[in-house]
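J.: I'm passing along final_20.pdb; it holds PDB, C-alpha atoms, pLDDT in the B column.
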```pdb
MODEL        1
ATOM      1  CA  ALA O  40      16.445 -30.950  16.226  1.00 91.00           C
ATOM      2  CA  VAL O  41      16.143 -34.721  15.785  1.00 94.00           C
ATOM      3  CA  GLN O  42      17.004 -35.257  19.445  1.00 95.00           C
ATOM      4  CA  THR O  43      14.381 -32.682  20.447  1.00 95.00           C
ATOM      5  CA  PHE O  44      11.764 -34.455  18.333  1.00 95.00           C
ATOM      6  CA  LEU O  45      12.756 -37.824  19.820  1.00 96.00           C
ATOM      7  CA  THR O  46      12.307 -36.511  23.363  1.00 96.00           C
ATOM      8  CA  ALA O  47       8.944 -34.896  22.601  1.00 96.00           C
ATOM      9  CA  TYR O  48       7.625 -37.950  20.764  1.00 96.00           C
ATOM     10  CA  ASN O  49       8.632 -40.350  23.547  1.00 97.00           C
ATOM     11  CA  THR O  50       7.124 -38.039  26.177  1.00 97.00           C
ATOM     12  CA  ALA O  51       3.782 -38.136  24.355  1.00 95.00           C
ATOM     13  CA  VAL O  52       3.858 -41.923  23.942  1.00 96.00           C
ATOM     14  CA  GLU O  53       4.892 -42.502  27.555  1.00 95.00           C
ATOM     15  CA  GLU O  54       2.081 -40.243  28.800  1.00 95.00           C
ATOM     16  CA  ILE O  55      -0.494 -42.138  26.739  1.00 94.00           C
ATOM     17  CA  ASN O  56       0.919 -45.477  27.901  1.00 93.00           C
ATOM     18  CA  ALA O  57       0.680 -44.366  31.542  1.00 92.00           C
ATOM     19  CA  ALA O  58      -2.865 -43.063  31.091  1.00 93.00           C
ATOM     20  CA  THR O  59      -4.069 -46.279  29.428  1.00 92.00           C
ATOM     21  CA  ALA O  60      -2.125 -48.731  31.635  1.00 90.00           C
ATOM     22  CA  ALA O  61      -4.071 -51.729  32.914  1.00 86.00           C
ATOM     23  CA  PRO O  62      -4.577 -52.052  36.674  1.00 85.00           C
ATOM     24  CA  ILE O  63      -2.624 -54.669  38.593  1.00 81.00           C
ATOM     25  CA  VAL O  64      -4.838 -57.384  40.080  1.00 75.00           C
ATOM     26  CA  THR O  65      -3.397 -58.776  43.310  1.00 73.00           C
ATOM     27  CA  SER O  66      -4.361 -62.260  44.473  1.00 68.00           C
ATOM     28  CA  VAL O  67      -5.011 -63.508  48.005  1.00 65.00           C
ATOM     29  CA  GLN O  68      -3.991 -66.657  49.770  1.00 62.00           C
ATOM     30  CA  PRO O  69      -6.622 -69.441  49.556  1.00 66.00           C
ATOM     31  CA  GLY O  70      -8.667 -69.675  52.726  1.00 63.00           C
ATOM     32  CA  SER O  71      -7.690 -66.222  53.941  1.00 60.00           C
ATOM     33  CA  GLY O  72     -11.175 -64.883  53.421  1.00 62.00           C
ATOM     34  CA  GLY O  73      -9.877 -61.909  51.462  1.00 61.00           C
ATOM     35  CA  SER O  74     -10.662 -60.894  47.910  1.00 63.00           C
ATOM     36  CA  ALA O  75      -8.557 -59.926  44.913  1.00 62.00           C
ATOM     37  CA  GLN O  76      -7.910 -56.214  44.545  1.00 66.00           C
ATOM     38  CA  SER O  77      -7.280 -53.983  41.553  1.00 66.00           C
ATOM     39  CA  VAL O  78      -4.396 -51.589  42.126  1.00 69.00           C
ATOM     40  CA  GLY O  79      -3.370 -48.596  40.029  1.00 74.00           C
ATOM     41  CA  GLY O  80      -4.088 -48.404  36.337  1.00 83.00           C
ATOM     42  CA  GLY O  81      -4.465 -45.358  34.122  1.00 89.00           C
ATOM     43  CA  VAL O  82      -7.485 -43.059  34.095  1.00 89.00           C
ATOM     44  CA  LEU O  83      -7.967 -43.881  30.392  1.00 89.00           C
ATOM     45  CA  PHE O  84      -7.548 -47.651  30.720  1.00 89.00           C
ATOM     46  CA  SER O  85      -9.339 -49.481  27.839  1.00 85.00           C
ATOM     47  CA  ASN O  86     -10.007 -46.164  26.046  1.00 87.00           C
ATOM     48  CA  SER O  87      -9.634 -47.171  22.400  1.00 88.00           C
ATOM     49  CA  ASP O  88      -9.775 -43.564  21.164  1.00 88.00           C
ATOM     50  CA  VAL O  89      -6.541 -42.579  22.899  1.00 90.00           C
ATOM     51  CA  GLN O  90      -4.910 -45.835  21.824  1.00 91.00           C
ATOM     52  CA  THR O  91      -5.871 -45.020  18.225  1.00 92.00           C
ATOM     53  CA  VAL O  92      -4.025 -41.683  18.432  1.00 93.00           C
ATOM     54  CA  LYS O  93      -0.871 -43.374  19.690  1.00 94.00           C
ATOM     55  CA  ASN O  94      -1.101 -46.218  17.179  1.00 95.00           C
ATOM     56  CA  GLU O  95      -1.377 -43.727  14.319  1.00 96.00           C
ATOM     57  CA  MET O  96       1.711 -41.883  15.554  1.00 95.00           C
ATOM     58  CA  VAL O  97       3.622 -45.170  15.798  1.00 96.00           C
ATOM     59  CA  GLU O  98       2.516 -46.155  12.293  1.00 96.00           C
ATOM     60  CA  ILE O  99       3.797 -42.867  10.891  1.00 96.00           C
ATOM     61  CA  VAL O 100       7.250 -42.992  12.505  1.00 96.00           C
ATOM     62  CA  SER O 101       7.702 -46.671  11.600  1.00 94.00           C
ATOM     63  CA  GLY O 102       6.376 -46.429   8.021  1.00 94.00           C
ATOM     64  CA  PHE O 103       7.781 -45.229   4.729  1.00 94.00           C
ATOM     65  CA  LEU O 104       8.631 -41.536   4.590  1.00 94.00           C
ATOM     66  CA  GLY O 105      10.043 -39.114   2.059  1.00 90.00           C
ATOM     67  CA  SER O 106      10.458 -39.584  -1.673  1.00 89.00           C
ATOM     68  CA  ASN O 107      14.013 -40.905  -1.908  1.00 88.00           C
ATOM     69  CA  SER O 108      14.308 -44.669  -2.384  1.00 86.00           C
ATOM     70  CA  LEU O 109      17.718 -44.778  -0.697  1.00 87.00           C
ATOM     71  CA  TYR O 110      16.477 -43.363   2.606  1.00 92.00           C
ATOM     72  CA  ASN O 111      12.766 -43.862   3.138  1.00 93.00           C
ATOM     73  CA  SER O 112      12.470 -44.935   6.782  1.00 95.00           C
ATOM     74  CA  LEU O 113      13.698 -43.606  10.117  1.00 96.00           C
ATOM     75  CA  THR O 114      15.474 -46.878  10.879  1.00 95.00           C
ATOM     76  CA  GLN O 115      17.924 -46.076   8.068  1.00 95.00           C
ATOM     77  CA  ILE O 116      19.051 -42.926   9.851  1.00 96.00           C
ATOM     78  CA  GLY O 117      19.313 -44.385  13.364  1.00 96.00           C
ATOM     79  CA  LEU O 118      15.772 -44.027  14.736  1.00 96.00           C
ATOM     80  CA  GLN O 119      14.116 -47.313  15.636  1.00 95.00           C
ATOM     81  CA  LEU O 120      11.138 -48.349  17.723  1.00 95.00           C
ATOM     82  CA  SER O 121      11.855 -49.925  21.089  1.00 94.00           C
ATOM     83  CA  ASP O 122      12.205 -53.708  20.998  1.00 92.00           C
ATOM     84  CA  SER O 123      11.374 -54.345  24.657  1.00 89.00           C
ATOM     85  CA  PHE O 124       9.483 -52.640  27.452  1.00 85.00           C
ATOM     86  CA  SER O 125       8.833 -53.073  31.169  1.00 81.00           C
ATOM     87  CA  THR O 126       5.579 -53.028  33.071  1.00 79.00           C
ATOM     88  CA  TYR O 127       4.394 -53.858  36.569  1.00 72.00           C
ATOM     89  CA  THR O 128       2.693 -57.216  37.114  1.00 72.00           C
ATOM     90  CA  THR O 129       1.926 -59.603  39.954  1.00 69.00           C
ATOM     91  CA  GLY O 130       3.049 -63.178  40.358  1.00 62.00           C
ATOM     92  CA  ASN O 131      -0.464 -64.434  39.604  1.00 53.00           C
ATOM     93  CA  ASN O 132      -0.796 -62.739  36.205  1.00 50.00           C
ATOM     94  CA  THR O 133       2.797 -62.658  34.919  1.00 45.00           C
ATOM     95  CA  ASN O 134       2.326 -65.580  32.574  1.00 42.00           C
ATOM     96  CA  SER O 135      -0.863 -64.235  31.041  1.00 41.00           C
ATOM     97  CA  LEU O 136       0.337 -60.719  30.233  1.00 43.00           C
ATOM     98  CA  THR O 137       1.937 -60.042  26.866  1.00 43.00           C
ATOM     99  CA  GLY O 138       3.094 -56.961  25.051  1.00 44.00           C
ATOM    100  CA  GLU O 139       0.657 -54.980  22.947  1.00 49.00           C
ATOM    101  CA  ASN O 140       2.406 -56.295  19.829  1.00 48.00           C
ATOM    102  CA  GLY O 141       2.377 -59.881  21.032  1.00 47.00           C
ATOM    103  CA  GLY O 142       5.560 -59.554  23.054  1.00 52.00           C
ATOM    104  CA  SER O 143       6.685 -62.338  25.334  1.00 52.00           C
ATOM    105  CA  ASN O 144       7.989 -62.351  28.890  1.00 54.00           C
ATOM    106  CA  THR O 145      11.785 -62.068  29.039  1.00 53.00           C
ATOM    107  CA  ASP O 146      12.409 -61.237  32.685  1.00 53.00           C
ATOM    108  CA  SER O 147      10.259 -61.651  35.763  1.00 46.00           C
ATOM    109  CA  ASP O 148      10.458 -62.507  39.423  1.00 47.00           C
ATOM    110  CA  SER O 149       7.505 -64.651  40.462  1.00 45.00           C
ATOM    111  CA  SER O 150       8.519 -64.461  44.112  1.00 45.00           C
ATOM    112  CA  SER O 151       7.454 -60.806  44.357  1.00 49.00           C
ATOM    113  CA  ALA O 152       3.823 -59.795  44.860  1.00 67.00           C
ATOM    114  CA  VAL O 153       4.213 -56.794  42.554  1.00 70.00           C
ATOM    115  CA  GLN O 154       7.174 -56.835  40.185  1.00 75.00           C
ATOM    116  CA  GLN O 155       8.543 -55.161  37.111  1.00 77.00           C
ATOM    117  CA  THR O 156       8.504 -57.485  34.113  1.00 81.00           C
ATOM    118  CA  THR O 157      10.240 -56.975  30.767  1.00 85.00           C
ATOM    119  CA  TYR O 158       8.655 -58.110  27.503  1.00 86.00           C
ATOM    120  CA  GLU O 159       9.889 -58.366  23.953  1.00 89.00           C
ATOM    121  CA  GLY O 160       8.038 -56.022  21.622  1.00 89.00           C
ATOM    122  CA  THR O 161       7.458 -52.302  21.444  1.00 92.00           C
ATOM    123  CA  ASP O 162       5.461 -49.906  23.557  1.00 92.00           C
ATOM    124  CA  GLY O 163       5.539 -47.367  20.709  1.00 94.00           C
ATOM    125  CA  SER O 164       8.492 -45.339  21.944  1.00 95.00           C
ATOM    126  CA  LEU O 165      11.698 -44.753  20.000  1.00 96.00           C
ATOM    127  CA  GLN O 166      15.128 -45.968  21.058  1.00 96.00           C
ATOM    128  CA  PRO O 167      17.912 -43.413  21.626  1.00 96.00           C
ATOM    129  CA  LEU O 168      19.226 -41.955  18.396  1.00 96.00           C
ATOM    130  CA  ASP O 169      22.079 -43.914  16.832  1.00 97.00           C
ATOM    131  CA  VAL O 170      24.196 -40.847  16.158  1.00 96.00           C
ATOM    132  CA  THR O 171      26.758 -42.756  14.113  1.00 96.00           C
ATOM    133  CA  SER O 172      24.108 -44.114  11.726  1.00 96.00           C
ATOM    134  CA  PHE O 173      22.522 -40.687  11.452  1.00 96.00           C
ATOM    135  CA  LEU O 174      25.790 -38.926  10.623  1.00 96.00           C
ATOM    136  CA  ASP O 175      26.759 -41.618   8.125  1.00 96.00           C
ATOM    137  CA  ALA O 176      23.433 -41.233   6.325  1.00 96.00           C
ATOM    138  CA  PHE O 177      23.606 -37.437   6.417  1.00 95.00           C
ATOM    139  CA  GLU O 178      27.138 -37.351   5.052  1.00 96.00           C
ATOM    140  CA  SER O 179      26.280 -39.916   2.397  1.00 95.00           C
ATOM    141  CA  ASN O 180      23.153 -38.197   1.082  1.00 95.00           C
ATOM    142  CA  PRO O 181      22.032 -35.078   2.953  1.00 95.00           C
ATOM    143  CA  ASN O 182      19.236 -34.327   0.466  1.00 94.00           C
ATOM    144  CA  ALA O 183      17.712 -37.755   1.034  1.00 95.00           C
ATOM    145  CA  VAL O 184      17.806 -37.246   4.814  1.00 95.00           C
ATOM    146  CA  TYR O 185      16.239 -33.808   4.425  1.00 93.00           C
ATOM    147  CA  SER O 186      13.491 -35.342   2.274  1.00 93.00           C
ATOM    148  CA  LEU O 187      12.929 -38.092   4.831  1.00 95.00           C
ATOM    149  CA  LEU O 188      12.563 -35.636   7.688  1.00 95.00           C
ATOM    150  CA  THR O 189      11.163 -32.419   6.206  1.00 92.00           C
ATOM    151  CA  GLY O 190      10.056 -33.185   2.644  1.00 92.00           C
ATOM    152  CA  PRO O 191       6.446 -32.961   1.400  1.00 92.00           C
ATOM    153  CA  THR O 192       5.922 -36.631   2.333  1.00 93.00           C
ATOM    154  CA  GLY O 193       8.501 -36.691   5.131  1.00 95.00           C
ATOM    155  CA  LEU O 194       8.164 -37.161   8.864  1.00 95.00           C
ATOM    156  CA  THR O 195       7.232 -33.629   9.866  1.00 94.00           C
ATOM    157  CA  ALA O 196       4.651 -33.268   7.081  1.00 94.00           C
ATOM    158  CA  GLN O 197       2.911 -36.582   7.749  1.00 95.00           C
ATOM    159  CA  LEU O 198       3.003 -36.408  11.529  1.00 95.00           C
ATOM    160  CA  GLY O 199       2.159 -32.705  11.524  1.00 95.00           C
ATOM    161  CA  SER O 200      -0.863 -33.245   9.255  1.00 95.00           C
ATOM    162  CA  TYR O 201      -2.174 -35.989  11.506  1.00 95.00           C
ATOM    163  CA  LEU O 202      -1.680 -33.925  14.666  1.00 93.00           C
ATOM    164  CA  THR O 203      -3.477 -30.970  13.069  1.00 94.00           C
ATOM    165  CA  ALA O 204      -6.489 -33.203  12.405  1.00 94.00           C
ATOM    166  CA  ALA O 205      -6.251 -34.849  15.825  1.00 93.00           C
ATOM    167  CA  THR O 206      -5.879 -31.715  17.961  1.00 92.00           C
ATOM    168  CA  GLY O 207      -7.526 -29.046  15.838  1.00 93.00           C
ATOM    169  CA  ALA O 208      -4.470 -26.822  16.355  1.00 93.00           C
ATOM    170  CA  PRO O 209      -2.446 -25.917  13.248  1.00 92.00           C
ATOM    171  CA  THR O 210       0.996 -27.469  12.901  1.00 92.00           C
ATOM    172  CA  ILE O 211       3.309 -24.772  11.578  1.00 91.00           C
ATOM    173  CA  LEU O 212       6.552 -25.793   9.881  1.00 90.00           C
ATOM    174  CA  ASP O 213       9.131 -23.712   8.040  1.00 87.00           C
ATOM    175  CA  SER O 214       7.180 -24.465   4.875  1.00 84.00           C
ATOM    176  CA  GLY O 215       3.931 -23.246   6.431  1.00 89.00           C
ATOM    177  CA  VAL O 216       0.874 -24.907   7.958  1.00 90.00           C
ATOM    178  CA  VAL O 217       0.567 -28.609   7.182  1.00 91.00           C
ATOM    179  CA  GLY O 218      -2.725 -30.408   7.094  1.00 91.00           C
ATOM    180  CA  THR O 219      -6.187 -28.902   7.269  1.00 91.00           C
ATOM    181  CA  VAL O 220      -7.582 -27.570  10.519  1.00 92.00           C
ATOM    182  CA  PRO O 221     -10.918 -29.399  10.888  1.00 92.00           C
ATOM    183  CA  ALA O 222     -14.149 -27.842  12.100  1.00 93.00           C
ATOM    184  CA  VAL O 223     -14.194 -30.541  14.775  1.00 92.00           C
ATOM    185  CA  SER O 224     -10.914 -32.214  15.669  1.00 92.00           C
ATOM    186  CA  LEU O 225     -10.536 -35.922  16.255  1.00 88.00           C
ATOM    187  CA  ILE O 226      -9.952 -35.456  19.984  1.00 88.00           C
ATOM    188  CA  GLN O 227     -12.849 -32.991  20.269  1.00 91.00           C
ATOM    189  CA  ASN O 228     -15.072 -35.534  18.563  1.00 91.00           C
ATOM    190  CA  TYR O 229     -13.951 -38.165  21.099  1.00 88.00           C
ATOM    191  CA  GLU O 230     -14.663 -35.742  23.937  1.00 89.00           C
ATOM    192  CA  THR O 231     -18.097 -34.900  22.536  1.00 92.00           C
ATOM    193  CA  THR O 232     -18.945 -38.580  22.181  1.00 88.00           C
ATOM    194  CA  ASN O 233     -17.825 -39.295  25.735  1.00 87.00           C
ATOM    195  CA  THR O 234     -19.748 -36.276  27.026  1.00 91.00           C
ATOM    196  CA  ASP O 235     -22.897 -37.531  25.287  1.00 94.00           C
ATOM    197  CA  VAL O 236     -22.417 -40.968  26.857  1.00 91.00           C
ATOM    198  CA  ILE O 237     -21.938 -39.408  30.300  1.00 93.00           C
ATOM    199  CA  SER O 238     -25.029 -37.242  29.796  1.00 94.00           C
ATOM    200  CA  SER O 239     -27.061 -40.288  28.764  1.00 96.00           C
ATOM    201  CA  LEU O 240     -25.880 -42.221  31.822  1.00 95.00           C
ATOM    202  CA  GLN O 241     -26.717 -39.295  34.084  1.00 95.00           C
ATOM    203  CA  GLN O 242     -30.229 -39.150  32.609  1.00 95.00           C
ATOM    204  CA  GLN O 243     -30.632 -42.881  33.207  1.00 96.00           C
ATOM    205  CA  ILE O 244     -29.418 -42.474  36.796  1.00 96.00           C
ATOM    206  CA  THR O 245     -31.883 -39.630  37.336  1.00 95.00           C
ATOM    207  CA  GLN O 246     -34.712 -41.720  35.888  1.00 95.00           C
ATOM    208  CA  LEU O 247     -33.809 -44.710  38.063  1.00 95.00           C
ATOM    209  CA  THR O 248     -33.588 -42.458  41.132  1.00 95.00           C
ATOM    210  CA  ASP O 249     -36.983 -40.924  40.367  1.00 95.00           C
ATOM    211  CA  ASN O 250     -38.495 -44.386  39.881  1.00 95.00           C
ATOM    212  CA  ALA O 251     -36.963 -45.617  43.139  1.00 95.00           C
ATOM    213  CA  ASN O 252     -38.239 -42.557  45.038  1.00 95.00           C
ATOM    214  CA  SER O 253     -41.698 -42.988  43.507  1.00 95.00           C
ATOM    215  CA  GLN O 254     -41.814 -46.636  44.542  1.00 95.00           C
ATOM    216  CA  ALA O 255     -40.569 -45.739  48.025  1.00 95.00           C
ATOM    217  CA  ASN O 256     -43.284 -43.060  48.394  1.00 95.00           C
ATOM    218  CA  ASN O 257     -45.891 -45.552  47.160  1.00 94.00           C
ATOM    219  CA  LEU O 258     -44.742 -48.119  49.717  1.00 94.00           C
ATOM    220  CA  ARG O 259     -44.847 -45.492  52.467  1.00 94.00           C
ATOM    221  CA  SER O 260     -48.411 -44.604  51.480  1.00 93.00           C
ATOM    222  CA  GLN O 261     -49.421 -48.250  51.473  1.00 94.00           C
ATOM    223  CA  PHE O 262     -47.779 -48.749  54.868  1.00 94.00           C
ATOM    224  CA  ALA O 263     -49.588 -45.745  56.327  1.00 93.00           C
ATOM    225  CA  ALA O 264     -52.873 -46.992  54.887  1.00 93.00           C
ATOM    226  CA  SER O 265     -52.312 -50.456  56.323  1.00 94.00           C
ATOM    227  CA  GLU O 266     -51.514 -48.958  59.738  1.00 93.00           C
ATOM    228  CA  THR O 267     -54.760 -47.016  59.630  1.00 93.00           C
ATOM    229  CA  MET O 268     -56.691 -50.130  58.598  1.00 93.00           C
ATOM    230  CA  ILE O 269     -55.099 -52.191  61.386  1.00 94.00           C
ATOM    231  CA  ALA O 270     -56.055 -49.523  63.925  1.00 92.00           C
ATOM    232  CA  GLN O 271     -59.646 -49.556  62.631  1.00 92.00           C
ATOM    233  CA  LEU O 272     -59.812 -53.365  62.794  1.00 91.00           C
ATOM    234  CA  GLN O 273     -58.467 -53.347  66.352  1.00 89.00           C
ATOM    235  CA  GLU O 274     -61.072 -50.780  67.335  1.00 88.00           C
ATOM    236  CA  GLN O 275     -63.840 -52.926  65.777  1.00 89.00           C
ATOM    237  CA  GLN O 276     -62.423 -55.970  67.554  1.00 88.00           C
ATOM    238  CA  GLN O 277     -62.625 -54.176  70.892  1.00 87.00           C
ATOM    239  CA  GLU O 278     -66.197 -53.082  70.234  1.00 86.00           C
ATOM    240  CA  LEU O 279     -67.251 -56.593  69.196  1.00 88.00           C
ATOM    241  CA  ALA O 280     -65.541 -58.154  72.221  1.00 86.00           C
ATOM    242  CA  ALA O 281     -67.230 -55.679  74.540  1.00 85.00           C
ATOM    243  CA  ALA O 282     -70.617 -56.506  73.029  1.00 86.00           C
ATOM    244  CA  LEU O 283     -70.005 -60.227  73.597  1.00 86.00           C
ATOM    245  CA  GLY O 284     -68.684 -59.742  77.111  1.00 80.00           C
ATOM    246  CA  PHE O 285     -65.074 -60.489  76.346  1.00 80.00           C
ATOM    247  CA  THR O 286     -62.051 -58.538  77.419  1.00 72.00           C
ATOM    248  CA  ILE O 287     -59.160 -58.389  74.916  1.00 67.00           C
ATOM    249  CA  SER O 288     -55.755 -57.651  76.357  1.00 68.00           C
ATOM    250  CA  SER O 289     -52.923 -55.950  74.495  1.00 57.00           C
ATOM    251  CA  SER O 290     -51.288 -59.395  74.129  1.00 54.00           C
ATOM    252  CA  SER O 291     -54.303 -60.518  72.099  1.00 49.00           C
ATOM    253  CA  SER O 292     -55.401 -63.051  74.812  1.00 46.00           C
ATOM    254  CA  SER O 293     -59.087 -63.115  75.879  1.00 45.00           C
ATOM    255  CA  SER O 294     -61.029 -64.123  78.963  1.00 46.00           C
ATOM    256  CA  SER O 295     -64.732 -64.471  79.694  1.00 44.00           C
TER
ENDMDL
END
```
For the structure just supplied, provide its representation as structure tokens.
T.:
Amino acid sequence: AVQTFLTAYNTAVEEINAATAAPIVTSVQPGSGGSAQSVGGGVLFSNSDVQTVKNEMVEIVSGFLGSNSLYNSLTQIGLQLSDSFSTYTTGNNTNSLTGENGGSNTDSDSSSAVQQTTYEGTDGSLQPLDVTSFLDAFESNPNAVYSLLTGPTGLTAQLGSYLTAATGAPTILDSGVVGTVPAVSLIQNYETTNTDVISSLQQQITQLTDNANSQANNLRSQFAASETMIAQLQEQQQELAAALGFTISSSSSSSS
């Protein structure tokens, strides 16, 4: 069961990390006439709402859990956050990129245009279960481990309550539903906010398009009016020239 949780948790964190990954900016050789390009990146890059969901999950699994003072954190039973992670960078931005928790570069190859670089720090995922530590803790005090994982203030209760509020779907444990299903979930609220922003932008685009079309129609009307006026002036010019005995050619030259 712990292994199953570990896999599911890491899958969720990895999916969020992929969706919020920053694009890779590739440089160009000086004098080549080219321009830097942005490659890849997640569809939710810079989305703070999704990052908040992941950060809350990380805070729960890395915080104090359960009610037993002997075992009150997952690290004591062999579950620890990752202490390094890899990401893709380019030679021109390797030195500037750090881990989300202030990690530092530990392995890079500046000779490659796009490379995989390892940083110290955590990306929020959990390391593989230390089975020996888990079994030692369970054999030493099984009730404390149960409390840590499934007690009223344990992992499943705290994480389940948060996920119920975040998704709006009830989290059902052996003890029943944990948390309170909200009228509007956290994610639904994010989606509604984003939808409102999109709607507002679409209205602004429509307004700008209408204004541009109106100005274009006004300019067309002015152009047509000026063409008519020019034609009238040319006609008057011809009449005046004829009255004075001049002949006006199409090239605007005149002769007596």
J.: Around (26.0, -39.8, 15.6) in the file's own coordinates, what residues are found within 12 Å if you use all atoms listed in the file, given back as a list of chain:residue names?
T.: O:Val41, O:Gln42, O:Ile116, O:Gly117, O:Leu118, O:Pro167, O:Leu168, O:Asp169, O:Val170, O:Thr171, O:Ser172, O:Phe173, O:Leu174, O:Asp175, O:Ala176, O:Phe177, O:Glu178
J.: Deliver the residues from the most recent selection as a file, using C-alpha atoms, as a CSV table (one decimal), keeping the file's coordinate frame.
T.:
```csv
chain,number,residue,atom,x,y,z
O,41,VAL,CA,16.1,-34.7,15.8
O,42,GLN,CA,17.0,-35.3,19.4
O,116,ILE,CA,19.1,-42.9,9.9
O,117,GLY,CA,19.3,-44.4,13.4
O,118,LEU,CA,15.8,-44.0,14.7
O,167,PRO,CA,17.9,-43.4,21.6
O,168,LEU,CA,19.2,-42.0,18.4
O,169,ASP,CA,22.1,-43.9,16.8
O,170,VAL,CA,24.2,-40.8,16.2
O,171,THR,CA,26.8,-42.8,14.1
O,172,SER,CA,24.1,-44.1,11.7
O,173,PHE,CA,22.5,-40.7,11.5
O,174,LEU,CA,25.8,-38.9,10.6
O,175,ASP,CA,26.8,-41.6,8.1
O,176,ALA,CA,23.4,-41.2,6.3
O,177,PHE,CA,23.6,-37.4,6.4
O,178,GLU,CA,27.1,-37.4,5.1
```
J.: Could you spell out the hits of the PyMOL selection byres ((chain O and resi 204) around 7) on the shown file, as a list of chain:residue names?
T.: O:Ser200, O:Tyr201, O:Leu202, O:Thr203, O:Ala205, O:Thr206, O:Gly207, O:Thr219, O:Val220, O:Pro221, O:Ser224, O:Leu225
J.: Starting from the shown file, work through the PyMOL selection byres ((chain O and resi 188) around 12) and note down what comes out as a ChimeraX atom specification.
T.: /O:40-41,44,99-100,103-107,110-113,115-116,118,173,177,181-187,189-199,212
J.: I'd like the interatomic distance between atom CA of Ile211 of chain O and atom CA of Tyr48 of chain O, to a tenth of an Å.
T.: 16.6 Å
J.: Evaluate the PyMOL selection byres ((chain O and resi 162) around 9) against this structure - the residues, as a ChimeraX atom specification, please.
T.: /O:52-53,56,120-125,138-140,160-161,163-165
J.: Tell me, as a list in words, which residues lie within 7 Å of Gln155 of chain O, counting all atoms listed in the file; anything in the same chain fewer than 4 positions away does not count.
T.: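 The residues satisfying every condition are Ser125, Thr126, Tyr127, Thr128 and Ser147 of chain O.
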